[in-house]
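What follows is query.tsv (TSV, C-alpha atoms).
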```tsv
chain	number	residue	atom	x	y	z
O	1	MET	CA	134.73	79.17	98.00
O	2	LYS	CA	134.48	78.14	101.64
O	3	ASN	CA	137.30	78.67	104.12
O	4	ARG	CA	138.41	78.05	107.69
O	5	LEU	CA	140.17	81.38	108.13
O	6	LYS	CA	138.05	82.64	111.02
O	7	VAL	CA	138.50	79.37	112.94
O	8	LEU	CA	142.25	79.32	112.39
O	9	ARG	CA	142.54	82.95	113.41
O	10	ALA	CA	140.55	82.26	116.60
O	11	GLU	CA	142.76	79.27	117.41
O	12	LYS	CA	145.82	81.56	117.25
O	13	ASN	CA	143.93	84.25	119.16
O	14	ILE	CA	144.78	87.01	116.68
O	15	SER	CA	142.59	89.82	115.44
O	16	GLN	CA	141.65	90.50	111.84
O	17	ASP	CA	143.82	93.61	112.04
O	18	ASP	CA	146.86	91.67	113.27
O	19	LEU	CA	146.47	89.08	110.52
O	20	ALA	CA	146.00	91.80	107.92
O	21	LYS	CA	149.21	93.50	109.02
O	22	ALA	CA	151.13	90.22	108.92
O	23	LEU	CA	149.90	89.57	105.38
O	24	THR	CA	150.18	93.23	104.26
O	25	VAL	CA	146.51	93.51	103.30
O	26	SER	CA	143.66	95.53	104.76
O	27	ARG	CA	141.49	94.35	107.64
O	28	GLN	CA	138.55	94.67	105.24
O	29	THR	CA	140.18	92.09	102.97
O	30	ILE	CA	140.44	89.60	105.85
O	31	ASN	CA	136.84	90.32	106.82
O	32	ALA	CA	135.61	89.80	103.25
O	33	ILE	CA	137.50	86.50	102.94
O	34	GLU	CA	136.11	85.25	106.26
O	35	ARG	CA	132.56	86.17	105.20
O	36	GLU	CA	133.18	84.39	101.88
O	37	LYS	CA	132.45	87.60	99.95
O	38	TYR	CA	135.94	87.63	98.39
O	39	ASP	CA	138.19	84.83	97.15
O	40	PRO	CA	141.85	85.61	97.71
O	41	SER	CA	144.36	85.59	94.87
O	42	LEU	CA	146.64	82.59	94.69
O	43	PRO	CA	149.62	84.54	96.11
O	44	LEU	CA	147.50	85.73	99.04
O	45	ALA	CA	146.09	82.22	99.65
O	46	LEU	CA	149.66	80.91	99.73
O	47	LYS	CA	150.70	83.64	102.20
O	48	ILE	CA	147.75	82.74	104.44
O	49	ALA	CA	148.64	79.04	104.29
O	50	LYS	CA	152.27	79.80	105.14
O	51	PHE	CA	151.23	82.04	108.05
O	52	PHE	CA	149.09	79.27	109.56
O	53	GLU	CA	151.56	76.52	108.58
O	54	LYS	CA	148.83	74.69	106.65
O	55	LYS	CA	148.30	73.54	103.09
O	56	VAL	CA	146.08	75.84	101.02
O	57	GLU	CA	143.50	73.05	100.67
O	58	GLU	CA	143.32	72.74	104.47
O	59	ILE	CA	142.08	76.35	104.61
O	60	PHE	CA	140.17	76.86	101.36
O	61	PHE	CA	137.79	74.45	99.64
O	62	LEU	CA	135.10	74.54	97.01
O	63	ASN	CA	131.40	74.44	97.89
O	64	ASP	CA	129.97	71.17	96.65
```
Once you've parsed the file, please lay out its structure as structure tokens.
Amino acid sequence: MKNRLKVLRAEKNISQDDLAKALTVSRQTINAIEREKYDPSLPLALKIAKFFEKKVEEIFFLND
């Protein structure tokens, strides 16, 4: 699954560590999601969307 997490994080000027703390996950989890090595669970995807005030499908999308 592709995502725009790194771009959104850069737009808000926050570090992986700061985002991880806000979402109560590890920095490694954020890094893995950004590198598309890990797909977040639905609850985590929803937390990320809420944090960035976006719809889940504006952040995550399938590779076609």
Identify which of the residues O:Leu62, O:Lys55, O:Asp39, O:Leu44 lies closest to Ala20 of chain O, counting all atoms listed in the file when measuring atom-to-atom distances.
O:Leu44
Surrounding residues of segment 40-43 of chain O excluding itself and chain neighbours under 3 positions, 12 Å, only C-alpha atoms, as a list in words
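Close residues of segment 40-43 of chain O: Met1, Lys2, Asn3, Leu5, Leu23, Thr24, Val25, Thr29, Ile30, Asn31, Ala32, Ile33, Glu34, Arg35, Glu36, Lys37, Leu46, Lys47, Ile48, Ala49, Lys50, Val56, Glu57, Ile59 and Phe60 of chain O.
The coordinates place atom CA of Asn63 of chain O at 26.9 Å from atom CA of Asp17 of chain O.
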What does the distance between atom CA of Lys21 of chain O and atom CA of Arg9 of chain O come to in Å, to one decimal place?
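Going from atom CA of Lys21 of chain O over to atom CA of Arg9 of chain O, I get 13.2 Å.
We find atom CA of Glu58 of chain O and atom CA of Arg4 of chain O to be spaced 7.9 Å apart.
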